[in-house]
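What follows is a short report on a single structure.
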Amino acid sequence: MEQLINANIRITPFQVSVNGRTEYQAENFITFAEFIKPFFKSLNLGYPKFYKMDSLSKLGFMAAELMLRQIDLTRYDNNRVGVVLSNSSSSLDTDLAHQQSIQDRSQYFPSPSVFVYTLPNIMIGEISIRHRLKGENAMLISERFDSRLLFTYVNNLFREKKVDVCLTGWVELLNEQFDAFLMAVEPSTATFSGETSGALPFSPETMDELYKTT
Amino acid sequence: MAKRVVITGIGIISSIGKDLPETFASLLASRSGIGRLHHLNSTHQDEFPFAEVPFGNEKLLSMAGFTDPSNFSRNTLLGIIAAGEAFRHARLEELSKLKTGLISATTVGGMDQCERFYDDFLTNDTKNQYIDVYDCADSTEKIASHMNIRDYMTTISTACSSAANAILLGARMIRLGQLDRVVAGGTEALTSFHVNGFSALKILDKLPCRPFDANRNGITLGEGAAYLVLESEEAAGEGNREFFAELAGYGNACEAYHQTASTPDGKGALLAMERALKVGGLNPPDIDYINAHGTGTDNNDIAEGVAIERLFGDRIPYVSSTKPLTGHMTSAAGSAEAILSILCLNHGMILPNLNFKTPMPELHFKPVTELIRGINVSMVMSNSFGFGGNNTSLIFRKPTN
Amino acid sequence: MEELIEKLKKEVIEQLNLEDISPEDIDTDSPLFGEGLGLDSIDALELIVLLEKNYGLKIEDPKDGKKIFHSIRTMAEYITEHQKA
């Protein structure tokens, strides 16, 4: 049983690309915070909860927003949309912020809204809340983007018939380094009124090639 | 037969780690230290990214083990931290007092404090203790004093090849029997002086540097300090210690072309690399990996790239620049990258040249873009090419003991 | 009291990351939770932190929060009453 990658998104400090097309090219170095806010506003989503998210969740959220302009999730049963993401720093960026707030005993004001983001899978939670996704989800941690790890897990989900479509990829953020690579994977037998002409076979090799070139 | 020179200790602090273990962890994760300036007050802080050591001077002071700020420049503090780590790593304080020297490289010296207190110098006497620390040798003396090194100390200042030249000089002095042990390396803190200078030369990239990429647009400046402990083989035999690498070859050549540019046909780089091979009695096919100077400027990358193709012909080894990870650490780059090269030897890995997307049309080879692990790396060449046309190439060999 | 109310509105905006909302947008007597600003349970906890950090007032039982944080005015009244001590 085979799957296809029907769409892919890449967000780095250098550029944003959709299905290999560069939609935005950076001219200057800007911090993640300076980058993500105008990016969010440009999409006119009217979703103020965005501002309460931590940086990792904002990054995953925006990658998912771009993705879901490429594929139409309303076609699927929400209980059968999978989300399998990975990164290497887990929620370390937020963990450090939380640690700062409890470092000094005399200025001890831990923030509950920071603390709730000290788990990397909360990012998946935010995506799921926004798009009402109730299928299987997992957050995997690996030193680097690991196409074999994702392939094994996602391919398994399809073979066990747990999902009809799966969003998978790498969403990594720590301080000023960020890199989001998201793919939409579907069985090759599924009818799909999106960009099927640009679809690629879902395999570790294709994923590595996309990751290198986008 | 010339004496073997081996490396028995390593110490490093940079934007990717406060010591060797933290640095190694960052390398495994391909985690870059490039970002916004947080400590240096510069007019360019919003314009360019930098690879700053993520601690203010007060924190560096306590990390170096002092409480009284006295008159330590940031340079000196970074140097004390890294040289101290190398010294302890080689366990030198436990061993017999052989002839030991410190060769330290820096270009900006105590400039950081002088920039801060220049107005005070002119209008009052409250900061005069910082006038004394301005010259480069001050950091060398303070670092030597911290490790109680008295037999020999000197400062090398040849811009971006400084620390590599410190290692080269240390090796020569050991081979000539003038010293048994040398702590060699460099330290450089970011200062407005050189940030503004590089900006005026229009060679700072507004994006994180992209060495060997067709769209590269300049340097990302970094800071830090890195030192190696070099010893003769006999001296290294004491104390039942392992050594991390052998300095198998070294070469230095002058470009004689331009104050800051390299010959586009790579002549200067070629000479330096050829000499390093010759000193080691080696041939191009012996090199497994080149840790390139690879600054991301139009000029360096074409010159160095062409030189590599001329020297290695059809059999180009793995090549990468680690400056997208650490930034360009200027006077500390040569020793920092020597350390990264040694880690590749010890751990069987090739470090990635991050931010690379589009190959240069002028070159046939492409750099390594992802961390490679689990391969045998026996010989690494590390290049450092400086302003003024000072080119140095060092070759490290995996220990065979 | 009016000064405190204006100050509180700014502080609430900052503590709760309410981008795109200015003090003029917050009605002093409208419920903070439910409709209006659409605050949730985490925001309620953050308001407890705000009271402690900025006014030195500790709320031990989050359930007391319901009354205190009903509106900006009830918050201001609570602060005025308890800061006298």
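By convention here, the chains of the structure tokens are called A, B, ... in the order presented, each chain's residues are numbered starting at 1, and ligands are numbered starting at 1 in the order presented.
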Using only C-alpha atoms, find each residue of region 107-140 of chain A with at least one atom at most 9 Å away from an atom of region 36-52 of chain C; report its shortest atom-to-atom pair and that distance in Å (one decimal), sort the rows by chain and rising residue number, and return the result as a tab-separated table.
```
residue	atom	partner	partner_atom	distance
A:Phe109	CA	C:Val49	CA	6.7
A:Pro110	CA	C:Val49	CA	7.9
A:Ser111	CA	C:Glu46	CA	6.6
A:Pro112	CA	C:Glu46	CA	6.3
A:Ser113	CA	C:Ile42	CA	6.1
A:Val116	CA	C:Ile42	CA	8.6
```
Test item: residues at most 6 Å from Gly56 (chain B), only C-alpha atoms, excluding those fewer than 2 positions along its chain, as a ChimeraX atom specification:
/B:39,58-59
For Ala236 (chain B), please output as a ChimeraX atom specification all residues within 12 Å (counting only C-alpha atoms; exclusion window: fewer than 3 positions along the same chain).
/B:3-9,90-92,95-96,98,174,180-182,229-233,239-246,401
Atoms to include: N, CA and C atoms. Write the selected residues as a CSV table (one decimal), in the first residue's frame.
```
chain,number,residue,atom,x,y,z
B,3,LYS,N,60.2,15.9,15.7
B,3,LYS,CA,59.4,15.4,16.9
B,3,LYS,C,57.9,15.5,16.5
B,4,ARG,N,57.1,14.5,17.0
B,4,ARG,CA,55.7,14.6,16.9
B,4,ARG,C,55.1,15.6,17.9
B,5,VAL,N,54.1,16.3,17.4
B,5,VAL,CA,53.4,17.3,18.3
B,5,VAL,C,52.0,16.8,18.4
B,6,VAL,N,51.6,16.5,19.7
B,6,VAL,CA,50.2,16.0,19.9
B,6,VAL,C,49.4,17.0,20.7
B,7,ILE,N,48.1,16.8,20.7
B,7,ILE,CA,47.1,17.6,21.4
B,7,ILE,C,46.6,16.8,22.6
B,8,THR,N,46.8,17.4,23.8
B,8,THR,CA,46.4,16.7,25.0
B,8,THR,C,45.3,17.4,25.7
B,9,GLY,N,44.9,18.6,25.3
B,9,GLY,CA,43.8,19.3,26.0
B,9,GLY,C,43.1,20.2,25.1
B,90,ALA,N,44.0,18.8,30.0
B,90,ALA,CA,45.3,18.2,29.8
B,90,ALA,C,46.0,17.8,31.2
B,91,ARG,N,45.3,18.2,32.3
B,91,ARG,CA,45.8,18.0,33.6
B,91,ARG,C,47.2,18.5,33.9
B,92,LEU,N,47.5,19.6,33.3
B,92,LEU,CA,48.8,20.2,33.4
B,92,LEU,C,49.2,20.5,34.8
B,95,LEU,N,51.1,17.7,36.6
B,95,LEU,CA,52.4,17.2,36.0
B,95,LEU,C,53.6,18.0,36.4
B,96,SER,N,54.7,17.4,36.0
B,96,SER,CA,56.0,18.1,36.3
B,96,SER,C,56.1,19.4,35.5
B,98,LEU,N,57.5,21.1,33.1
B,98,LEU,CA,58.4,21.2,32.0
B,98,LEU,C,58.2,22.6,31.4
B,174,ILE,N,58.0,23.6,19.8
B,174,ILE,CA,58.1,22.2,20.4
B,174,ILE,C,59.1,21.4,19.6
B,180,ASP,N,58.3,22.4,25.8
B,180,ASP,CA,57.8,21.1,25.8
B,180,ASP,C,56.3,21.1,25.7
B,181,ARG,N,55.7,22.1,26.2
B,181,ARG,CA,54.2,22.2,26.2
B,181,ARG,C,53.8,23.6,25.8
B,182,VAL,N,52.8,23.8,25.0
B,182,VAL,CA,52.3,25.1,24.7
B,182,VAL,C,50.7,25.1,24.7
B,229,VAL,N,46.1,22.4,24.0
B,229,VAL,CA,47.4,22.1,24.6
B,229,VAL,C,48.2,21.3,23.7
B,230,LEU,N,49.3,21.8,23.2
B,230,LEU,CA,50.2,21.0,22.4
B,230,LEU,C,51.4,20.5,23.2
B,231,GLU,N,51.8,19.3,23.0
B,231,GLU,CA,52.9,18.8,23.7
B,231,GLU,C,53.8,18.0,22.8
B,232,SER,N,55.1,17.9,23.1
B,232,SER,CA,55.9,16.9,22.4
B,232,SER,C,55.5,15.5,22.8
B,233,GLU,N,55.8,14.5,22.0
B,233,GLU,CA,55.4,13.2,22.3
B,233,GLU,C,55.9,12.7,23.7
B,239,GLY,N,52.0,11.0,32.8
B,239,GLY,CA,50.6,11.1,33.4
B,239,GLY,C,49.6,10.2,32.8
B,240,ASN,N,50.0,9.3,32.0
B,240,ASN,CA,49.1,8.3,31.5
B,240,ASN,C,47.9,8.9,30.8
B,241,ARG,N,48.1,9.9,30.0
B,241,ARG,CA,47.0,10.6,29.4
B,241,ARG,C,46.8,10.2,27.9
B,242,GLU,N,45.6,10.3,27.4
B,242,GLU,CA,45.4,10.1,26.0
B,242,GLU,C,45.6,11.4,25.2
B,243,PHE,N,46.0,11.2,24.0
B,243,PHE,CA,46.0,12.5,23.2
B,243,PHE,C,44.9,12.4,22.1
B,244,PHE,N,44.4,13.6,21.8
B,244,PHE,CA,43.2,13.7,21.0
B,244,PHE,C,43.5,13.7,19.5
B,245,ALA,N,44.7,14.2,19.2
B,245,ALA,CA,45.1,14.3,17.8
B,245,ALA,C,46.6,14.5,17.7
B,246,GLU,N,47.1,14.4,16.5
B,246,GLU,CA,48.5,14.8,16.3
B,246,GLU,C,48.4,15.9,15.3
B,401,ASN,N,47.8,5.8,18.7
B,401,ASN,CA,48.4,5.1,19.9
B,401,ASN,C,47.5,3.9,20.4
```
Picked from region 19-193 of chain A by DSSP as alpha helix (DSSP H), as a JSON list (two decimals) with N, CA and C atoms, in the first residue's frame:
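Wrote out.json, looks like this:
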```json
[["chain", "number", "residue", "atom", "x", "y", "z"],
["A", 32, "PHE", "N", 12.62, 35.56, 15.29],
["A", 32, "PHE", "CA", 11.40, 34.81, 15.06],
["A", 32, "PHE", "C", 10.18, 35.65, 15.41],
["A", 33, "ALA", "N", 10.24, 36.33, 16.55],
["A", 33, "ALA", "CA", 9.09, 37.15, 16.98],
["A", 33, "ALA", "C", 8.76, 38.22, 15.95],
["A", 34, "GLU", "N", 9.81, 38.85, 15.39],
["A", 34, "GLU", "CA", 9.59, 39.90, 14.38],
["A", 34, "GLU", "C", 9.03, 39.32, 13.09],
["A", 35, "PHE", "N", 9.36, 38.07, 12.84],
["A", 35, "PHE", "CA", 8.94, 37.42, 11.60],
["A", 35, "PHE", "C", 7.50, 36.93, 11.69],
["A", 36, "ILE", "N", 7.19, 36.25, 12.79],
["A", 36, "ILE", "CA", 5.93, 35.49, 12.82],
["A", 36, "ILE", "C", 4.70, 36.38, 12.96],
["A", 37, "LYS", "N", 4.85, 37.51, 13.66],
["A", 37, "LYS", "CA", 3.67, 38.36, 13.88],
["A", 37, "LYS", "C", 3.14, 38.95, 12.57],
["A", 38, "PRO", "N", 3.98, 39.63, 11.76],
["A", 38, "PRO", "CA", 3.44, 40.12, 10.48],
["A", 38, "PRO", "C", 2.96, 39.00, 9.56],
["A", 39, "PHE", "N", 3.64, 37.87, 9.63],
["A", 39, "PHE", "CA", 3.26, 36.71, 8.83],
["A", 39, "PHE", "C", 1.84, 36.29, 9.21],
["A", 40, "PHE", "N", 1.58, 36.18, 10.52],
["A", 40, "PHE", "CA", 0.26, 35.81, 11.01],
["A", 40, "PHE", "C", -0.78, 36.84, 10.58],
["A", 41, "LYS", "N", -0.44, 38.10, 10.77],
["A", 41, "LYS", "CA", -1.40, 39.16, 10.43],
["A", 41, "LYS", "C", -1.72, 39.16, 8.95],
["A", 42, "SER", "N", -0.72, 38.81, 8.12],
["A", 42, "SER", "CA", -0.95, 38.86, 6.67],
["A", 42, "SER", "C", -2.00, 37.85, 6.23],
["A", 55, "SER", "N", 6.53, 30.22, 21.05],
["A", 55, "SER", "CA", 7.10, 30.33, 19.70],
["A", 55, "SER", "C", 6.97, 29.04, 18.91],
["A", 56, "LEU", "N", 7.24, 27.91, 19.55],
["A", 56, "LEU", "CA", 7.17, 26.64, 18.82],
["A", 56, "LEU", "C", 5.76, 26.41, 18.28],
["A", 57, "SER", "N", 4.76, 26.65, 19.12],
["A", 57, "SER", "CA", 3.38, 26.45, 18.68],
["A", 57, "SER", "C", 3.01, 27.41, 17.57],
["A", 58, "LYS", "N", 3.50, 28.64, 17.66],
["A", 58, "LYS", "CA", 3.21, 29.62, 16.59],
["A", 58, "LYS", "C", 3.77, 29.12, 15.27],
["A", 59, "LEU", "N", 4.97, 28.57, 15.31],
["A", 59, "LEU", "CA", 5.61, 28.09, 14.09],
["A", 59, "LEU", "C", 4.82, 26.92, 13.50],
["A", 60, "GLY", "N", 4.49, 25.95, 14.33],
["A", 60, "GLY", "CA", 3.71, 24.80, 13.86],
["A", 60, "GLY", "C", 2.35, 25.23, 13.35],
["A", 61, "PHE", "N", 1.73, 26.14, 14.07],
["A", 61, "PHE", "CA", 0.41, 26.65, 13.71],
["A", 61, "PHE", "C", 0.45, 27.29, 12.32],
["A", 62, "MET", "N", 1.45, 28.13, 12.06],
["A", 62, "MET", "CA", 1.54, 28.81, 10.76],
["A", 62, "MET", "C", 1.84, 27.83, 9.64],
["A", 63, "ALA", "N", 2.69, 26.83, 9.90],
["A", 63, "ALA", "CA", 2.97, 25.82, 8.87],
["A", 63, "ALA", "C", 1.68, 25.09, 8.52],
["A", 64, "ALA", "N", 0.89, 24.77, 9.55],
["A", 64, "ALA", "CA", -0.37, 24.08, 9.32],
["A", 64, "ALA", "C", -1.35, 24.97, 8.56],
["A", 65, "GLU", "N", -1.39, 26.25, 8.89],
["A", 65, "GLU", "CA", -2.28, 27.18, 8.17],
["A", 65, "GLU", "C", -1.96, 27.21, 6.68],
["A", 66, "LEU", "N", -0.67, 27.29, 6.36],
["A", 66, "LEU", "CA", -0.27, 27.31, 4.95],
["A", 66, "LEU", "C", -0.63, 25.99, 4.27],
["A", 67, "MET", "N", -0.41, 24.91, 5.02],
["A", 67, "MET", "CA", -0.69, 23.58, 4.48],
["A", 67, "MET", "C", -2.16, 23.44, 4.16],
["A", 92, "LEU", "N", 12.27, 23.06, 24.51],
["A", 92, "LEU", "CA", 13.35, 23.71, 25.26],
["A", 92, "LEU", "C", 13.29, 25.23, 25.26],
["A", 93, "ASP", "N", 12.89, 25.81, 24.15],
["A", 93, "ASP", "CA", 12.81, 27.28, 24.07],
["A", 93, "ASP", "C", 11.90, 27.83, 25.17],
["A", 94, "THR", "N", 10.76, 27.19, 25.36],
["A", 94, "THR", "CA", 9.82, 27.63, 26.40],
["A", 94, "THR", "C", 10.26, 27.16, 27.77],
["A", 95, "ASP", "N", 10.86, 25.97, 27.83],
["A", 95, "ASP", "CA", 11.36, 25.47, 29.12],
["A", 95, "ASP", "C", 12.32, 26.48, 29.73],
["A", 96, "LEU", "N", 13.18, 27.05, 28.87],
["A", 96, "LEU", "CA", 14.16, 28.02, 29.36],
["A", 96, "LEU", "C", 13.45, 29.27, 29.90],
["A", 97, "ALA", "N", 12.41, 29.71, 29.21],
["A", 97, "ALA", "CA", 11.65, 30.88, 29.69],
["A", 97, "ALA", "C", 11.01, 30.58, 31.03],
["A", 98, "HIS", "N", 10.47, 29.41, 31.17],
["A", 98, "HIS", "CA", 9.85, 29.02, 32.43],
["A", 98, "HIS", "C", 10.90, 28.98, 33.54],
["A", 99, "GLN", "N", 12.06, 28.41, 33.22],
["A", 99, "GLN", "CA", 13.13, 28.32, 34.21],
["A", 99, "GLN", "C", 13.56, 29.71, 34.67],
["A", 100, "GLN", "N", 13.64, 30.65, 33.73],
["A", 100, "GLN", "CA", 13.99, 32.02, 34.08],
["A", 100, "GLN", "C", 13.04, 32.60, 35.11],
["A", 101, "SER", "N", 11.76, 32.28, 34.95],
["A", 101, "SER", "CA", 10.77, 32.89, 35.84],
["A", 101, "SER", "C", 10.82, 32.31, 37.24],
["A", 112, "PRO", "N", 1.66, 30.66, 34.53],
["A", 112, "PRO", "CA", 0.94, 29.45, 34.08],
["A", 112, "PRO", "C", 0.85, 29.39, 32.56],
["A", 113, "SER", "N", 0.72, 30.53, 31.91],
["A", 113, "SER", "CA", 0.56, 30.48, 30.46],
["A", 113, "SER", "C", 1.87, 30.15, 29.76],
["A", 114, "VAL", "N", 3.00, 30.32, 30.42],
["A", 114, "VAL", "CA", 4.28, 29.86, 29.85],
["A", 114, "VAL", "C", 4.41, 28.37, 30.13],
["A", 115, "PHE", "N", 4.07, 28.00, 31.37],
["A", 115, "PHE", "CA", 4.26, 26.63, 31.80],
["A", 115, "PHE", "C", 3.48, 25.63, 30.93],
["A", 122, "ILE", "N", 2.13, 20.15, 22.79],
["A", 122, "ILE", "CA", 1.09, 21.18, 22.92],
["A", 122, "ILE", "C", 0.91, 21.89, 21.58],
["A", 123, "MET", "N", 1.99, 21.96, 20.83],
["A", 123, "MET", "CA", 1.93, 22.55, 19.48],
["A", 123, "MET", "C", 0.90, 21.79, 18.64],
["A", 124, "ILE", "N", 0.94, 20.46, 18.74],
["A", 124, "ILE", "CA", -0.03, 19.65, 18.01],
["A", 124, "ILE", "C", -1.43, 19.94, 18.54],
["A", 125, "GLY", "N", -1.50, 20.12, 19.85],
["A", 125, "GLY", "CA", -2.78, 20.46, 20.47],
["A", 125, "GLY", "C", -3.37, 21.72, 19.89],
["A", 126, "GLU", "N", -2.54, 22.75, 19.73],
["A", 126, "GLU", "CA", -3.02, 24.02, 19.19],
["A", 126, "GLU", "C", -3.53, 23.87, 17.76],
["A", 127, "ILE", "N", -2.78, 23.09, 16.96],
["A", 127, "ILE", "CA", -3.19, 22.86, 15.57],
["A", 127, "ILE", "C", -4.53, 22.12, 15.56],
["A", 128, "SER", "N", -4.63, 21.14, 16.44],
["A", 128, "SER", "CA", -5.84, 20.33, 16.50],
["A", 128, "SER", "C", -7.04, 21.13, 16.97],
["A", 129, "ILE", "N", -6.83, 22.02, 17.94],
["A", 129, "ILE", "CA", -7.93, 22.86, 18.43],
["A", 129, "ILE", "C", -8.43, 23.75, 17.30],
["A", 130, "ARG", "N", -7.50, 24.35, 16.61],
["A", 130, "ARG", "CA", -7.86, 25.27, 15.53],
["A", 130, "ARG", "C", -8.66, 24.57, 14.44],
["A", 131, "HIS", "N", -8.21, 23.39, 14.05],
["A", 131, "HIS", "CA", -8.84, 22.71, 12.91],
["A", 131, "HIS", "C", -9.72, 21.54, 13.34],
["A", 147, "SER", "N", 13.93, 11.07, 8.25],
["A", 147, "SER", "CA", 12.86, 10.67, 7.34],
["A", 147, "SER", "C", 12.43, 9.22, 7.58],
["A", 148, "ARG", "N", 13.39, 8.40, 7.98],
["A", 148, "ARG", "CA", 13.04, 7.01, 8.23],
["A", 148, "ARG", "C", 12.11, 6.84, 9.41],
["A", 149, "LEU", "N", 12.38, 7.61, 10.45],
["A", 149, "LEU", "CA", 11.56, 7.56, 11.66],
["A", 149, "LEU", "C", 10.12, 7.96, 11.33],
["A", 150, "LEU", "N", 9.96, 9.08, 10.62],
["A", 150, "LEU", "CA", 8.62, 9.54, 10.28],
["A", 150, "LEU", "C", 7.94, 8.57, 9.33],
["A", 151, "PHE", "N", 8.71, 8.09, 8.36],
["A", 151, "PHE", "CA", 8.11, 7.17, 7.38],
["A", 151, "PHE", "C", 7.56, 5.92, 8.07],
["A", 152, "THR", "N", 8.36, 5.35, 8.95],
["A", 152, "THR", "CA", 7.93, 4.13, 9.64],
["A", 152, "THR", "C", 6.63, 4.37, 10.39],
["A", 153, "TYR", "N", 6.60, 5.45, 11.15],
["A", 153, "TYR", "CA", 5.42, 5.71, 11.98],
["A", 153, "TYR", "C", 4.19, 5.98, 11.12],
["A", 154, "VAL", "N", 4.34, 6.86, 10.13],
["A", 154, "VAL", "CA", 3.18, 7.29, 9.33],
["A", 154, "VAL", "C", 2.71, 6.16, 8.41],
["A", 155, "ASN", "N", 3.66, 5.47, 7.80],
["A", 155, "ASN", "CA", 3.30, 4.36, 6.92],
["A", 155, "ASN", "C", 2.50, 3.31, 7.70],
["A", 156, "ASN", "N", 2.92, 3.09, 8.95],
["A", 156, "ASN", "CA", 2.23, 2.17, 9.83],
["A", 156, "ASN", "C", 0.77, 2.59, 10.07],
["A", 157, "LEU", "N", 0.59, 3.88, 10.31],
["A", 157, "LEU", "CA", -0.77, 4.39, 10.55],
["A", 157, "LEU", "C", -1.68, 4.08, 9.37],
["A", 158, "PHE", "N", -1.14, 4.23, 8.17],
["A", 158, "PHE", "CA", -1.95, 3.96, 6.99],
["A", 158, "PHE", "C", -2.21, 2.47, 6.83],
["A", 159, "ARG", "N", -1.17, 1.67, 7.11],
["A", 159, "ARG", "CA", -1.36, 0.21, 6.96],
["A", 159, "ARG", "C", -2.36, -0.32, 7.96]]
```
Tell me, in Å to one decimal, how far CA of Asn41 (chain B) is from CA of Asn75 (chain B).
15.8 Å
In Å, how far is it from CA of His82 (chain C) to CA of Asp25 (chain C)?
27.1 Å
May I have the residues within 10 Å of Asn148 (chain B) as a list in words, using only C-alpha atoms and disregarding those fewer than 6 positions away in the same chain?
Glu93, Thr100, Gly101, Glu141 and Lys142 of chain B
Residues as selected, C-alpha atoms, written as a PDB file, in the first residue's frame, can you do that?
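out_39.pdb written:
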```pdb
ATOM      1  CA  GLU B  93      48.704  21.295  37.021  1.00  0.00           C
ATOM      2  CA  THR B 100      55.485  25.581  29.127  1.00  0.00           C
ATOM      3  CA  GLY B 101      54.371  28.517  27.055  1.00  0.00           C
ATOM      4  CA  GLU B 141      49.491  38.134  30.249  1.00  0.00           C
ATOM      5  CA  LYS B 142      46.337  37.726  32.276  1.00  0.00           C
TER       6      LYS B 142
END
```
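The residue that comes closest to Gln113 (chain B), out of B:Asn217, B:Thr326, B:Ser199, B:Thr76 and on the basis of only C-alpha atoms, is B:Thr76.
CA of Phe29 (chain A) lies 13.8 Å from CA of Val16 (chain A).
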